[in-house]
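K.L.:
Here it is, the structure, as structure tokens.
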Amino acid sequence: MIRLLEHGSPRVSLLILGFRDAPGLRRCLAALAANLPVTIPSETIVLANGASDEVLSVLRGEVTGVRVLHSPVNLGFARGCNRARAAAAGEYLVLLNDDAEVESGWLEALVQTADGDPHAGAIGGKMLDHAGRLAEAGQVIWRDGSTLGVGRGDPQNAYSYLRRVDYCSAAALLVRAEVWDAVGGMDEGYFPAYYEDVDLCLAIRALGYDVLYQPRARVRHDWKAFSGIDYSTFLQLRMRKRFCARWPDFLASCEPAQPDDPSAVERAVLRARGVPRRVLIVDDLLPTAVGSGFGRMLDSVDELVHDGYAVTFCPRFAVGEETTHLEDAGVEIVRPPLREHLAEPGRLYDVVIVSRPFAIEADLHAVRDLQPQASIFYDCEALAHRRLFRQAKYTADAKARAKLMADGQALESVELELPRRVDHVVCVTEEEAAVLRAIDGAAPVDVIATRSTAEPTREGFDARTGAVFVAGWLSGADGPNVDALHWFAEHVLPRVVEKLPSFRLLVTGPDPPEFVRTIASPNLVLVGYVADLRALYASARVAVAPVRYGSGVRIKTLEALLHGVPVVATTIGAEGCGLEARRLLEPLDDPTEFADRLTLMMTDRVTWEAAHAEVMEVLETRRLARQPSWSSLLTEAQMRRSSGRFALQARN
């Protein structure tokens with residue numbers, strides 16, 4: 001017996017038309033029973049639509065938890081769906097073919113997407129055939145009214161990012177009930193079948209809603225003819241004629257039918273997304289919110305997506321990471337090799353952003369060879385050679401120090417040559433921008449400061465205790481955070497504890513190196529990964545940044561200030577936080593002075609309140625300041641590049 005969940009007040013109504021495929025319906029309902037989440041109240045309605053005796057037998061004797069409606073004759077797909085909808089109570093309607101088999105998480109993905117985007121009128125899933133190949137990743141419509149399931153026959157991991165589409169087939173389609181009613185449901189003139197779902201999605205779009213493709217909603221379904229190849233072809237052509245008569249203006253905006261041309265398909269996909277410009281970003285790893293400039297990259301990606309760019313991200317080295325955040329934002333993730341990706345038909349990028357100097361040589365060659373139309377931006381997250389030179393200064397071992405100096409010199413030659421080889425450079429600090437602007441023949445250099453949506457914490461002195469050191473350990477045992485904590489524990493902490501025995505420094509970051517674990521104590525507490533940094537900052541009187549080497553901007557320092565927390569920092573710990581923040585940071589490289597300032601901030605209310613008030617004043621100034629954005633720089637670069645091409649054509 002197949003038992004489906006029943007809820008008295010469903011959020012989702014599942015609508016299935018049962019016709020003559022009893023084995024398919026049995027598998028469909030079994031898959032539903034296995035994969036309907038208890039967290040989403042649902043109801044299942046099956047309309048026996050001129051159904052065969054075998055289908056009726058399944059519904060009467062093999063399943064519970066299903067509401068069965070009867071029609072002795074085949075009402076057609078559109079009229080049958082309209083009748084099933086009239087019996088539905090959910091705020092979301094989910095149309096499901098009677099031979100479709102849903103996979104785990106499919107309904108959660110559809111509902112989460114609908115809940116998170118009120119402009120989404122309909123959402124379809126990733127359709128796979130039973131061999132595991134991609135059958136549909138959304139559909140495109142051609143100018144002649146014919147359609148194409150995007151990615152059909154591709155590996156199942158293709159097209160794994162959320163995007164707007166022309167339509168998704170009703171084999172597995174969520175529609176808001178209020179939107180369904182607003183368009184009047186399905187057009188019953190498409191009898192008995194074909195094009196009713198295409199028409200429905202365009203009607204939804206005409207009301208100003210989006211039709212989305214959500215790849216995390218995976219459904220198995222094999223397409224088959226309606227009833228014989230000749231009759232199926234006849235019906236499709238007949239219904240296409242009706243469809244074309246209803247939507248001539250939309251069809252005029254579509255591409256000529258070229259289903260076998262990958263470039264034409266890509267153009268159609270892009271047109272359906274409503275995105276005029278495409279950006280490729282190449283970095284070492286997929287961006288996350290933690291460490292080594294990747295949080296800044298994540299903010300950059302979010303900004304570009306928000307501003308309407310179609311963003312593709314290629315990590316050089318990463319394999320198997322969590323990609324849901326990016327893909328749900330509409331970011332396409334591609335895997336190395338980069339050259340192979342850039343050579344794909346239809347891949348035409350307006351801008352390519354490359355980050356990190358270590359593996360950039362091959363990237364630049366590939367882009368120039370295969371994407372000559374693209375503007376190349378070098379995202380200078382930091383001048384890494386400066387960090388190596390600074391690290392060498394604090395390295396006692398002569399051999400290790402010599403290697404750091406040699407590596408720094410080799411990297412310096414690369415980093416100072418890059419501005420001559422790209423079209424634009426973006427830095428994170430004015431200090432490093434000045435270094436690159438001084439290079440003869442350098443491309444334009446701009447600064448995009450590290451952005452944050454953090455709101456300052458406003459808790460007072462008495463509501464806060466202790467200090468924090470927000471760290472990540474991606475750089476390993478030789479990284480600047482390990483050195484910083486070593487220096488603090490050896491030279492600063494004893495001086496603070498001598499005057500303030502109850503002092504506690506909370507140190508964040510998952511999987512710290514062994515040395516960090518060995519110096520933990522009641523006064524230096526390792527708290528590991530912290531999901532809610534805002535709560536941590538709200539509880540801290542002071543943040544410390546005892547960093548002695550590094551490059552770029554000190555994210556930990558800037559982040560603490562943005563959360564309204566005064567900072568005690570070394571010279572390097574205060575680096576790159578912007579001119580308006582400099583008055584907040586009195587660099588203290590002497591351990592005694594560092595300890596004295598920290599102790600005073602921890603114990604003296606007047607000193608702390610003055611520092612906190614100054615932080616809040618600077619944050620307001622920063623909030624009102626106008627800063628460059630990725631969108632503005634990319635637009636300017638494209639205009640310059642276009643002007644150069646026009647000038648060249650005029651000279652020729």
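Residue numbers start at 1 in each chain; chains themselves are named A, B, ... in the order of the structure tokens; ligands are numbered from 1 in the order shown.
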From a DSSP pass on the backbone, collect the residues of region 219-392 of chain A flagged as alpha helix (DSSP H) and hand them back as a short mmCIF file (atom, residue, chain, number, x, y, z; two decimals) with C-alpha atoms, in the first residue's frame.

P.N.:
```cif
data_model
loop_
_atom_site.label_atom_id
_atom_site.label_comp_id
_atom_site.auth_asym_id
_atom_site.auth_seq_id
_atom_site.Cartn_x
_atom_site.Cartn_y
_atom_site.Cartn_z
CA ILE A 229 3.89 9.77 -33.61
CA ASP A 230 1.70 11.05 -36.45
CA TYR A 231 -1.15 12.17 -34.21
CA SER A 232 1.30 13.72 -31.74
CA THR A 233 2.99 15.72 -34.50
CA PHE A 234 -0.41 16.82 -35.83
CA LEU A 235 -1.48 18.02 -32.39
CA GLN A 236 1.76 19.89 -31.76
CA LEU A 237 1.53 21.74 -35.08
CA ARG A 238 -2.13 22.56 -34.54
CA MET A 239 -1.60 23.88 -31.02
CA ARG A 240 1.52 25.77 -32.07
CA LYS A 241 -0.58 27.65 -34.63
CA ARG A 242 -3.01 28.67 -31.88
CA PHE A 243 -0.13 29.67 -29.63
CA CYS A 244 1.53 31.80 -32.32
CA ALA A 245 -1.72 33.63 -33.02
CA ARG A 246 -2.01 34.56 -29.34
CA PRO A 248 2.92 37.39 -31.88
CA ASP A 249 4.70 40.26 -30.09
CA PHE A 250 6.58 37.96 -27.77
CA LEU A 251 7.61 35.63 -30.59
CA ALA A 252 8.97 38.57 -32.59
CA PRO A 262 24.75 25.79 -29.20
CA SER A 263 25.43 29.49 -29.75
CA ALA A 264 21.80 30.13 -30.67
CA VAL A 265 20.61 28.19 -27.63
CA GLU A 266 22.90 30.22 -25.36
CA ARG A 267 21.57 33.45 -26.85
CA ALA A 268 18.02 32.29 -26.21
CA VAL A 269 18.83 31.32 -22.63
CA LEU A 270 20.42 34.71 -22.01
CA ARG A 271 17.51 36.57 -23.60
CA ALA A 272 15.06 34.69 -21.40
CA ARG A 273 17.06 35.74 -18.35
CA PHE A 294 36.96 35.25 -0.13
CA GLY A 295 34.29 37.07 1.86
CA ARG A 296 35.01 40.18 -0.18
CA MET A 297 34.72 38.13 -3.37
CA LEU A 298 31.39 36.77 -2.18
CA ASP A 299 30.16 40.34 -1.68
CA SER A 300 31.38 41.23 -5.19
CA VAL A 301 29.50 38.31 -6.73
CA ASP A 302 26.32 39.24 -4.87
CA GLU A 303 26.66 42.84 -6.04
CA LEU A 304 27.06 41.88 -9.69
CA VAL A 305 24.09 39.50 -9.57
CA HIS A 306 21.97 42.16 -7.88
CA THR A 324 23.84 26.19 -3.07
CA HIS A 325 24.18 29.85 -2.02
CA LEU A 326 25.80 30.84 -5.29
CA GLU A 327 23.60 28.74 -7.55
CA ASP A 328 20.42 29.88 -5.82
CA LEU A 338 39.30 27.20 -17.96
CA ARG A 339 40.51 27.03 -21.58
CA GLU A 340 38.10 24.21 -22.31
CA HIS A 341 35.20 26.20 -20.90
CA LEU A 342 36.08 29.36 -22.81
CA ILE A 360 47.04 33.81 -13.54
CA GLU A 361 49.44 33.44 -16.48
CA ALA A 362 47.56 30.63 -18.19
CA ASP A 363 44.23 32.35 -17.49
CA LEU A 364 45.27 35.53 -19.29
CA HIS A 365 46.48 33.62 -22.34
CA ALA A 366 43.24 31.61 -22.50
CA VAL A 367 41.04 34.69 -22.27
CA ARG A 368 43.00 36.66 -24.88
CA ASP A 369 43.00 33.67 -27.26
CA LEU A 370 39.38 32.57 -26.88
CA ALA A 384 50.99 39.25 -1.81
CA HIS A 385 54.72 39.92 -2.24
CA ARG A 386 54.52 42.55 0.50
CA ARG A 387 53.24 39.93 2.90
CA LEU A 388 56.17 37.61 2.13
CA PHE A 389 58.72 40.37 2.67
CA ARG A 390 57.09 41.29 5.98
CA GLN A 391 56.91 37.67 7.07
CA ALA A 392 60.62 37.26 6.34
#
```

K.L.:
Please identify which residues in region 259-343 of chain A DSSP calls strand (DSSP E or B) from the backbone, and express them as a ChimeraX atom specification.

P.N.:
/A:278-283,310-315,332-333

K.L.:
Create the file for the chosen residues now, containing C-alpha atoms and written as a PDB file, in the first residue's frame.

P.N.:
```
ATOM      1  CA  ARG A 278      27.989  38.261 -18.978  1.00  0.00           C
ATOM      2  CA  VAL A 279      30.806  38.178 -16.445  1.00  0.00           C
ATOM      3  CA  LEU A 280      33.241  35.343 -15.757  1.00  0.00           C
ATOM      4  CA  ILE A 281      35.120  35.362 -12.440  1.00  0.00           C
ATOM      5  CA  VAL A 282      38.196  33.175 -11.944  1.00  0.00           C
ATOM      6  CA  ASP A 283      39.566  32.700  -8.424  1.00  0.00           C
ATOM      7  CA  ALA A 310      24.894  36.926 -15.630  1.00  0.00           C
ATOM      8  CA  VAL A 311      27.759  35.670 -13.480  1.00  0.00           C
ATOM      9  CA  THR A 312      29.779  32.526 -14.080  1.00  0.00           C
ATOM     10  CA  PHE A 313      32.380  31.457 -11.507  1.00  0.00           C
ATOM     11  CA  CYS A 314      35.348  29.181 -12.182  1.00  0.00           C
ATOM     12  CA  PRO A 315      37.399  28.061  -9.144  1.00  0.00           C
ATOM     13  CA  GLU A 332      26.754  29.344 -12.828  1.00  0.00           C
ATOM     14  CA  ILE A 333      29.648  27.258 -11.464  1.00  0.00           C
TER      15      ILE A 333
END
```

K.L.:
Quick one: residues within 12 Å of Pro494 (chain A), only C-alpha atoms, excluding same-chain residues fewer than 5 positions away - as a list of chain:residue names?

P.N.:
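Surrounding residues, per the criterion: A:Trp487, A:Phe488, A:Ala489, A:Lys499, A:Leu500, A:Pro501, A:Ser502, A:Phe503, A:Arg504, A:Ser521, A:Asn523, A:Leu524, A:Pro591, A:Thr592, A:Phe594, A:Ala595, A:Asp596, A:Thr599.
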
K.L.:
Could you dump the residues just selected with C-alpha atoms as a CSV table (one decimal), in the first residue's frame?

P.N.:
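File written: out-v5.csv
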```csv
chain,number,residue,atom,x,y,z
A,487,TRP,CA,53.0,37.4,19.5
A,488,PHE,CA,49.9,38.4,21.5
A,489,ALA,CA,50.0,35.3,23.8
A,499,LYS,CA,46.5,44.0,35.7
A,500,LEU,CA,43.2,42.3,34.8
A,501,PRO,CA,43.2,38.6,35.9
A,502,SER,CA,39.7,38.0,34.7
A,503,PHE,CA,40.5,39.1,31.1
A,504,ARG,CA,39.3,36.7,28.3
A,521,SER,CA,44.0,28.9,28.3
A,523,ASN,CA,42.4,33.8,29.3
A,524,LEU,CA,42.7,32.8,25.6
A,591,PRO,CA,53.7,45.0,23.3
A,592,THR,CA,53.7,47.1,26.5
A,594,PHE,CA,49.4,47.5,23.1
A,595,ALA,CA,48.7,45.9,26.5
A,596,ASP,CA,48.2,49.2,28.3
A,599,THR,CA,43.6,47.2,29.5
```

K.L.:
I want to know what sits within 12 Å of Arg640 (chain A), based on only C-alpha atoms, with residues of the same chain fewer than 6 positions away left out; could you give that as an NGL selection string?

P.N.:
:A and (374-375 or 423-424 or 443-444 or 633-634 or 646-647)

K.L.:
With distances taken over only C-alpha atoms, which residue among A:Asp129, A:Glu322, A:Asp379, A:Glu54 lies nearest Trp630 (chain A)?

P.N.:
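Smallest separation from Trp630 (chain A) among the options: A:Asp379.
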
K.L.:
Select, from A:Thr395, A:Ser355, A:Gln156, A:Thr288, the residue with the minimum atom-to-atom distance to Asp478 (chain A), counting only C-alpha atoms.

P.N.:
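Closest residue, counting only C-alpha atoms: A:Thr395.
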
K.L.:
Which residues are close to Leu15 (chain A), i.e. within 8 Å by only C-alpha atoms, leaving aside same-chain residues fewer than 2 positions away? Reply as a VMD selection string.

P.N.:
chain A and resid 13 17 44 to 47 81 84 to 85 93 to 96

K.L.:
Restricting the calculation to only C-alpha atoms: of A:Ser169, A:Lys126, A:Gln638, A:Gly8, which residue gets closest to Ile376 (chain A)?

P.N.:
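Closest candidate: A:Gln638.
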